[in-house]
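Trainee: Next up is a structure, given as structure tokens.
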Amino acid sequence: MEPDAAVAVLDALGRVTGWSDGARLLTGHAAGDVVGRPAADLLAEEPADGTLLARSGTIALRHRDGHRIELAVTACAVTDADGIPAGYVVTADPPGCTLAAQAFEQASMSMSVFDLRQRYLRVNDAACKVMGVSEASLSGRFFPDTVGEADYHQGFLRHLREVAETGRPVRYESFAGAPTLNREHLWSIEMWPLRAGSGELTAVGIAAFDNTEQYWARRRLALLNEATTRIGTTLDVVRTAEELIGLLVPRYADFASIDLLDWVLGAEEPPALPDGVEMRRVAHGSTRAGDPGSAVSIGETHVYKPTLPPARALHEGHAVVCQAGEPEFVEWLAERNVRSPGGSSHREGAHSMIAVPLRARGTTLGVAVCVRMAHPDDYGPDDAAFAEELASRAAVCVDNARRFARERSTALALQHSLLPRGLPGQAAVEVAHRYLPCGSLAGIGGDWFDVIPLSGGRVALVVGDVVGHGIQSSATMGRLRTAVRTLADVDLAPDELLTHLDDLVTHLAADGSGEEVAELGATCLYTVYDPVARRLSVAGAGHPAPAVILPGGTAELLPMTAGPPLGVGGLPFEALELELPEGTVVALFTDGLMDYRDRDLDGAAEELLRVFAAPADSLEALCDNVLKAVLPAQPCDDVALLLARTRALGADRVATWDVPPDPARVAVVRQAATEQLAAWGLAETSFVTELVVSELVTNAIRYGEPPIQLRLIRDRALICEVSDASSTSPHLRRAHVYDEGGRGLLLVAQLTQRWGSRQTAAGKTIWAEQPLPGA
């Protein structure tokens, strides 16, 4: 018989004469309370035959606390020496003799049975193992007497009482520790009522499932899901690293750091990894508020020795885990403490670390290091797999930010190289300009401007806008700017120049290559100002009209007819001509300046004109005032602004003669030009000017048509112009040995700085420039 078997000995009259300790544990009655009493007093109900003696089967007992117990018992008669029945030995069947009892004892989950007063009745082996005690030491004891005062123990007791009082099952989850566990575990606890055959509530059964691993798996999966929304919200490398730190600390690590290779923060291509890896700290975080205790400061570079876990992770391409006491961990911690002795106290208690490489698209960008100190669990294989998955997602975001920064810097460099760095010297206008790239994720746009000196002291002012953003738009802007400069060199009128530019874009779109032409849909505004006539000629291709600020402070948009954007075709371009007072400011800009997201186009135009008309000390100040007044903190589009204050070349700087179509008058005109040069103090240029005037006037008389006119302009250079009514343009050629003519233009080209011809409404003009003395 087992030592803890429940045994009762009865005499022939049915009185209890013996009571085992197992019977005490089963019924709650001590031997002193039972021995000598009739056994029938212990029954919850009378047997069907009215007697307990010689009865084997199931009987119902009343527990000491009042609840009903049904037991399978066996009664064996005891006889004296004469064979007369002297009593009975009644034993309750051992619990392990049934499959249900075996299942209870051998279950892998913790199971126990409490009576209605929250005292232990049964505890299986799994529960005893978790609690570190035997069933005998718990049996019959009140639950609070066996545990501490923790909140989860109070919750357990509250639910026990709820089931005992209501008879309804309860299921809940709770974090709880145990003497044999080194940390708190997540338990899924189910409590249910136990009832007798009559339906009477007799006890409470409990099963506790250890869901700790499933819980942490869910937490890791939730972190990965959260990473998709929290990491990579901006295309900024450092900000992306900070977002990763915010995700890791404190839920995954007590301290975490992100170190990147130096080239990731620049524009270089990735070099080969050396043995000793130099890194730059871009972000770190800790559960210690205010002072993370890092050995490396933000922005500081440092070198990981090849044997340390971060360097191994970089070279091996997978997570490296090490625990306190391992040589790698000891070396890493010692190196950190030597580097930052003051922070060694912050690293006390560090017991586990993991280093995982940041790799994206086959390229290693850096390494993330996570350390646990207060967190009781060491990093394991599941944590390594999670860290690699999270690091790969974060690395893609870092690489996207790096690529964006590189493309943006490339586009900016390309655009700045294509925009005019220093505007050419000329006397026609005073110029100020601004260019602001947009701050949006779309990238650099294709806005541009230019100032092009023309013949006769005139100047061309140009602004344009290419559809789209990025390097392609910058390259397209460069091609358009080059095309406009080439056409401007031919000295075309604004409407003719835009017609040729539109034809060029149309031909590019129809070349049959099948590729989209980025120039399609681009806009352009081309203006020419003549300081002698004080006339402005304007034509536009789908571009906003320029503003004119008169010397009195009145600002208005020019009422020009805007043609279609480039490449659309089908409609002509029309030029607007007007005379401007000296000192008028002409403002050319792209549509990014008219930010009308919060108001209509008319309202944006009125606001812009109001700012243009406001007093300013200079053109530079006016540029700044306009941008500050009308643009938001982060413009959604590129902005180009070009301001030009007009000047006039008066009679003191321009001399004009009408020339009769008589070769004999060439000498008279030549003499008049020489006298004008002397009056201007430019006698040094008389010799070359006489030759130029003689050749150009002679050609106009011989090959052109009247009326013929000679004009000298004293600007930043000395300009000689001869106009006639013929539209035939001269061509420079090399004369043969026996040719009588053909050497005049060659002589002009050799003696002057530059020369050319331009078509006019009345014919053509041949011009030549020579530098002023001392220029």
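The chains in the structure tokens are called A, B, ... from first to last as shown; in each chain the residues are counted from 1, and the ligands are counted from 1 in the order shown.
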Excluding segment 692-699 of chain A and residues on its chain fewer than 2 positions from it, collect all residues at most 7 Å away from it, counting only C-alpha atoms, and give them as an NGL selection string.
Mentor: :A and (663 or 666 or 670 or 688-690 or 701-703 or 722 or 744 or 748)
Trainee: Counting only C-alpha atoms, what is within 9 Å of segment 544-548 of chain A, bar same-chain residues fewer than 2 positions away, as a list in words?
Mentor: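 Returned residues: Thr523, Cys524, Leu525, Val538, Ala539, Gly540, Ala541, Gly542, Leu550, Thr554, Ala555, Glu556, Leu557, Leu558, Pro559, Met560, Thr561, Ala562, Thr584, Val585, Val586, Ala587, Leu588, Phe589, Thr590, Asp591, Leu609 and Phe612 of chain A.
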Trainee: Any chance you could export the current selection's C-alpha atoms as a PDB file, in the first residue's frame?
Mentor:
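What landed in again.pdb:
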```pdb
ATOM      1  CA  THR A 523       7.573  76.632 -70.818  1.00  0.00           C
ATOM      2  CA  CYS A 524       9.790  79.585 -71.709  1.00  0.00           C
ATOM      3  CA  LEU A 525       9.639  83.388 -71.581  1.00  0.00           C
ATOM      4  CA  VAL A 538       8.367  89.924 -74.990  1.00  0.00           C
ATOM      5  CA  ALA A 539       7.098  86.508 -76.151  1.00  0.00           C
ATOM      6  CA  GLY A 540       6.112  83.472 -74.101  1.00  0.00           C
ATOM      7  CA  ALA A 541       5.521  79.757 -74.607  1.00  0.00           C
ATOM      8  CA  GLY A 542       3.013  78.731 -71.931  1.00  0.00           C
ATOM      9  CA  LEU A 550       7.460 101.490 -62.990  1.00  0.00           C
ATOM     10  CA  THR A 554       3.173 100.918 -59.827  1.00  0.00           C
ATOM     11  CA  ALA A 555       3.353  97.156 -60.593  1.00  0.00           C
ATOM     12  CA  GLU A 556       1.390  95.308 -63.238  1.00  0.00           C
ATOM     13  CA  LEU A 557       1.555  92.098 -65.258  1.00  0.00           C
ATOM     14  CA  LEU A 558       2.138  92.651 -68.971  1.00  0.00           C
ATOM     15  CA  PRO A 559      -1.021  91.917 -71.013  1.00  0.00           C
ATOM     16  CA  MET A 560       0.770  89.564 -73.381  1.00  0.00           C
ATOM     17  CA  THR A 561      -0.711  86.646 -75.301  1.00  0.00           C
ATOM     18  CA  ALA A 562       0.889  83.469 -73.957  1.00  0.00           C
ATOM     19  CA  THR A 584      11.709 100.370 -64.787  1.00  0.00           C
ATOM     20  CA  VAL A 585      12.098  96.943 -63.093  1.00  0.00           C
ATOM     21  CA  VAL A 586      11.151  93.946 -65.219  1.00  0.00           C
ATOM     22  CA  ALA A 587      10.414  90.798 -63.139  1.00  0.00           C
ATOM     23  CA  LEU A 588      10.584  87.395 -64.791  1.00  0.00           C
ATOM     24  CA  PHE A 589       9.669  84.332 -62.689  1.00  0.00           C
ATOM     25  CA  THR A 590       8.494  80.726 -62.838  1.00  0.00           C
ATOM     26  CA  ASP A 591       5.105  79.508 -61.621  1.00  0.00           C
ATOM     27  CA  LEU A 609       2.147  92.553 -57.488  1.00  0.00           C
ATOM     28  CA  PHE A 612       6.715  93.854 -56.097  1.00  0.00           C
TER      29      PHE A 612
END
```
Trainee: So that I can see what lies close to segment 106-113 of chain A, please list as a VMD selection string the residues with an atom at most 6 Å from it, counting only C-alpha atoms and leaving out residues fewer than 2 positions away in the same chain.
Mentor: chain A and resid 102 to 104 121 to 124 126 to 127 204 to 209
Trainee: With only C-alpha atoms as the counted atoms, please give the residues lying no more than 8 Å from segment 223-238 of chain A, apart from itself and same-chain residues fewer than 4 positions off, as a list of chain:residue names.
Mentor: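 Using only C-alpha atoms, the neighbours found are A:Arg219, A:Glu242, A:Glu243, A:Leu244, A:Leu247, A:Leu265, A:Val282, A:Ala283, A:Glu389, A:Leu390, A:Arg393, A:Ala394, A:Cys397, A:Val398, A:Asp399, A:Asn400, A:Ala401, A:Arg402, A:Phe404, A:Ala405, A:Leu441.
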Trainee: Could you name the residues that touch Ala40 of chain A at 8 Å or less, counting only C-alpha atoms, but leaving out those on the same chain fewer than 2 positions away, as a PyMOL selection string?
Mentor: chain A and resi 14+38+42-43+46+52
Trainee: Just to be explicit: take each residue in the selection above, keep N, CA and C atoms, and write the result as a PDB file, in the first residue's frame.
Mentor:
```pdb
ATOM      1  N   GLY A  14     -19.364  -0.554  12.784  1.00  0.00           N
ATOM      2  CA  GLY A  14     -19.268   0.551  11.833  1.00  0.00           C
ATOM      3  C   GLY A  14     -18.636   1.797  12.411  1.00  0.00           C
ATOM      4  N   PRO A  38     -19.171   6.925  14.382  1.00  0.00           N
ATOM      5  CA  PRO A  38     -19.714   6.061  13.326  1.00  0.00           C
ATOM      6  C   PRO A  38     -19.261   6.566  11.948  1.00  0.00           C
ATOM      7  N   LEU A  42     -19.729  10.420   8.283  1.00  0.00           N
ATOM      8  CA  LEU A  42     -18.895  11.055   7.253  1.00  0.00           C
ATOM      9  C   LEU A  42     -19.565  11.062   5.888  1.00  0.00           C
ATOM     10  N   LEU A  43     -20.683  10.355   5.769  1.00  0.00           N
ATOM     11  CA  LEU A  43     -21.310  10.230   4.454  1.00  0.00           C
ATOM     12  C   LEU A  43     -22.105  11.475   4.105  1.00  0.00           C
ATOM     13  N   GLU A  46     -26.943   8.538   2.444  1.00  0.00           N
ATOM     14  CA  GLU A  46     -27.010   7.147   2.848  1.00  0.00           C
ATOM     15  C   GLU A  46     -26.842   6.246   1.636  1.00  0.00           C
ATOM     16  N   LEU A  52     -22.944   0.632   5.160  1.00  0.00           N
ATOM     17  CA  LEU A  52     -21.635   0.892   4.592  1.00  0.00           C
ATOM     18  C   LEU A  52     -20.778  -0.358   4.616  1.00  0.00           C
TER      19      LEU A  52
END
```
Trainee: In Å, how far is it from atom CA of Gly569 of chain A to atom CA of Thr499 of chain A?
Mentor: 9.0 Å
Trainee: Find the residues around segment 621-623 of chain A up to 10 Å (only C-alpha atoms counted), leave out those fewer than 2 positions away in its own chain, and share them as a VMD selection string.
Mentor: chain A and resid 432 to 434 587 611 to 619 625 to 628 641 to 643
Trainee: Just the number, please: distance in Å from atom CA of Ala44 of chain A to atom CA of Leu61 of chain A, one decimal.
Mentor: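 Pair atom CA of Ala44 of chain A / atom CA of Leu61 of chain A returns 4.7 Å.
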Trainee: Find the distance between atom CA of Leu536 of chain A and atom CA of Gln676 of chain A and write it in Å to one decimal.
Mentor: 28.2 Å
Trainee: Could you pull out the strand (DSSP E or B) residues of segment 152-258 of chain A, going by DSSP on the backbone, and write them as a ChimeraX atom specification?
Mentor: /A:170-176,185-195,201-210,255-258
Trainee: Take the residues that were just selected and, keeping N, CA and C atoms, output them as a tab-separated table (two decimals), in the first residue's frame.
Mentor:
```
chain	number	residue	atom	x	y	z
A	170	VAL	N	-13.58	30.83	-15.91
A	170	VAL	CA	-12.85	32.09	-16.15
A	170	VAL	C	-11.60	31.77	-16.95
A	171	ARG	N	-11.30	32.63	-17.90
A	171	ARG	CA	-10.05	32.49	-18.67
A	171	ARG	C	-9.40	33.86	-18.76
A	172	TYR	N	-8.11	33.95	-18.47
A	172	TYR	CA	-7.41	35.23	-18.54
A	172	TYR	C	-5.91	34.96	-18.70
A	173	GLU	N	-5.18	36.02	-19.01
A	173	GLU	CA	-3.73	35.94	-19.15
A	173	GLU	C	-3.07	36.78	-18.09
A	174	SER	N	-1.89	36.33	-17.64
A	174	SER	CA	-1.21	37.05	-16.57
A	174	SER	C	0.28	36.79	-16.64
A	175	PHE	N	1.06	37.84	-16.34
A	175	PHE	CA	2.50	37.68	-16.18
A	175	PHE	C	2.76	37.29	-14.73
A	176	ALA	N	3.48	36.23	-14.54
A	176	ALA	CA	3.78	35.77	-13.18
A	176	ALA	C	5.12	35.07	-13.18
A	185	HIS	N	6.81	34.85	-16.70
A	185	HIS	CA	6.27	34.19	-17.88
A	185	HIS	C	4.83	34.64	-18.09
A	186	LEU	N	4.41	34.54	-19.33
A	186	LEU	CA	3.02	34.84	-19.64
A	186	LEU	C	2.23	33.54	-19.55
A	187	TRP	N	1.26	33.51	-18.62
A	187	TRP	CA	0.44	32.33	-18.43
A	187	TRP	C	-0.96	32.60	-18.95
A	188	SER	N	-1.45	31.64	-19.72
A	188	SER	CA	-2.86	31.65	-20.10
A	188	SER	C	-3.58	30.70	-19.15
A	189	ILE	N	-4.38	31.25	-18.26
A	189	ILE	CA	-4.95	30.48	-17.14
A	189	ILE	C	-6.44	30.26	-17.38
A	190	GLU	N	-6.84	29.01	-17.18
A	190	GLU	CA	-8.26	28.66	-17.30
A	190	GLU	C	-8.71	28.01	-15.99
A	191	MET	N	-9.78	28.52	-15.46
A	191	MET	CA	-10.37	27.97	-14.23
A	191	MET	C	-11.80	27.52	-14.53
A	192	TRP	N	-12.20	26.36	-14.01
A	192	TRP	CA	-13.55	25.88	-14.25
A	192	TRP	C	-14.08	25.17	-12.98
A	193	PRO	N	-15.39	25.15	-12.81
A	193	PRO	CA	-15.96	24.50	-11.61
A	193	PRO	C	-15.99	22.98	-11.76
A	194	LEU	N	-15.77	22.27	-10.67
A	194	LEU	CA	-15.91	20.81	-10.61
A	194	LEU	C	-17.19	20.50	-9.83
A	195	ARG	N	-18.02	19.65	-10.38
A	195	ARG	CA	-19.31	19.34	-9.76
A	195	ARG	C	-19.45	17.84	-9.51
A	201	LEU	N	-21.54	22.02	-6.65
A	201	LEU	CA	-20.19	22.53	-6.85
A	201	LEU	C	-19.30	22.03	-5.74
A	202	THR	N	-18.21	21.34	-6.08
A	202	THR	CA	-17.35	20.71	-5.07
A	202	THR	C	-15.94	21.28	-5.05
A	203	ALA	N	-15.39	21.77	-6.20
A	203	ALA	CA	-14.00	22.23	-6.24
A	203	ALA	C	-13.81	23.08	-7.49
A	204	VAL	N	-12.59	23.59	-7.64
A	204	VAL	CA	-12.23	24.41	-8.81
A	204	VAL	C	-10.99	23.81	-9.46
A	205	GLY	N	-11.11	23.49	-10.74
A	205	GLY	CA	-9.98	22.98	-11.49
A	205	GLY	C	-9.26	24.11	-12.22
A	206	ILE	N	-7.94	23.99	-12.32
A	206	ILE	CA	-7.12	25.06	-12.93
A	206	ILE	C	-6.09	24.44	-13.86
A	207	ALA	N	-5.94	25.04	-15.04
A	207	ALA	CA	-4.87	24.68	-15.98
A	207	ALA	C	-4.18	25.96	-16.42
A	208	ALA	N	-2.85	25.98	-16.36
A	208	ALA	CA	-2.07	27.16	-16.74
A	208	ALA	C	-1.15	26.79	-17.90
A	209	PHE	N	-1.32	27.48	-19.03
A	209	PHE	CA	-0.50	27.25	-20.22
A	209	PHE	C	0.59	28.32	-20.27
A	210	ASP	N	1.82	27.89	-20.45
A	210	ASP	CA	2.94	28.83	-20.56
A	210	ASP	C	3.03	29.32	-22.01
A	255	PHE	N	19.97	49.18	-24.59
A	255	PHE	CA	20.82	50.15	-25.29
A	255	PHE	C	20.96	49.69	-26.73
A	256	ALA	N	20.91	50.63	-27.66
A	256	ALA	CA	21.08	50.29	-29.08
A	256	ALA	C	21.82	51.43	-29.76
A	257	SER	N	22.62	51.09	-30.74
A	257	SER	CA	23.36	52.11	-31.49
A	257	SER	C	23.36	51.73	-32.97
A	258	ILE	N	23.45	52.76	-33.81
A	258	ILE	CA	23.54	52.59	-35.26
A	258	ILE	C	24.82	53.27	-35.74
```
Trainee: Contacts of Thr482 of chain A at 12 Å or less, counting only C-alpha atoms, minus same-chain residues fewer than 6 places along, as a VMD selection string?
Mentor: chain A and resid 418 to 420 448 to 450 452 462 475 to 476 488 to 489 501
Trainee: Please produce a file of those selected residues containing N, CA and C atoms, as a short mmCIF file (atom, residue, chain, number, x, y, z; two decimals), in the first residue's frame.
Mentor:
```cif
data_model
loop_
_atom_site.label_atom_id
_atom_site.label_comp_id
_atom_site.auth_asym_id
_atom_site.auth_seq_id
_atom_site.Cartn_x
_atom_site.Cartn_y
_atom_site.Cartn_z
N LEU A 418 24.71 74.32 -64.72
CA LEU A 418 24.06 74.77 -65.95
C LEU A 418 23.49 76.18 -65.81
N LEU A 419 23.14 76.58 -64.58
CA LEU A 419 22.65 77.94 -64.39
C LEU A 419 23.82 78.92 -64.45
N PRO A 420 23.57 80.18 -64.85
CA PRO A 420 24.67 81.17 -64.93
C PRO A 420 25.25 81.43 -63.55
N TRP A 448 14.86 77.49 -64.68
CA TRP A 448 16.15 78.09 -65.08
C TRP A 448 15.94 79.53 -65.53
N PHE A 449 17.03 80.25 -65.64
CA PHE A 449 17.00 81.63 -66.11
C PHE A 449 18.34 81.92 -66.78
N ASP A 450 18.38 83.02 -67.54
CA ASP A 450 19.62 83.38 -68.22
C ASP A 450 19.56 84.86 -68.61
N ILE A 452 21.49 87.13 -71.56
CA ILE A 452 22.32 86.94 -72.76
C ILE A 452 22.57 88.30 -73.41
N VAL A 462 15.77 85.68 -69.99
CA VAL A 462 15.07 84.43 -70.26
C VAL A 462 14.78 83.71 -68.93
N ALA A 475 18.94 67.94 -66.70
CA ALA A 475 19.60 67.77 -67.99
C ALA A 475 18.79 68.41 -69.12
N THR A 476 17.46 68.26 -69.05
CA THR A 476 16.60 68.87 -70.06
C THR A 476 16.71 70.38 -70.01
N ALA A 488 19.65 82.69 -79.74
CA ALA A 488 19.83 84.12 -79.42
C ALA A 488 21.04 84.68 -80.13
N ASP A 489 22.04 83.88 -80.36
CA ASP A 489 23.25 84.34 -81.05
C ASP A 489 22.94 84.71 -82.50
N LEU A 501 12.50 77.23 -81.37
CA LEU A 501 12.66 76.34 -80.21
C LEU A 501 11.53 75.31 -80.18
#
```
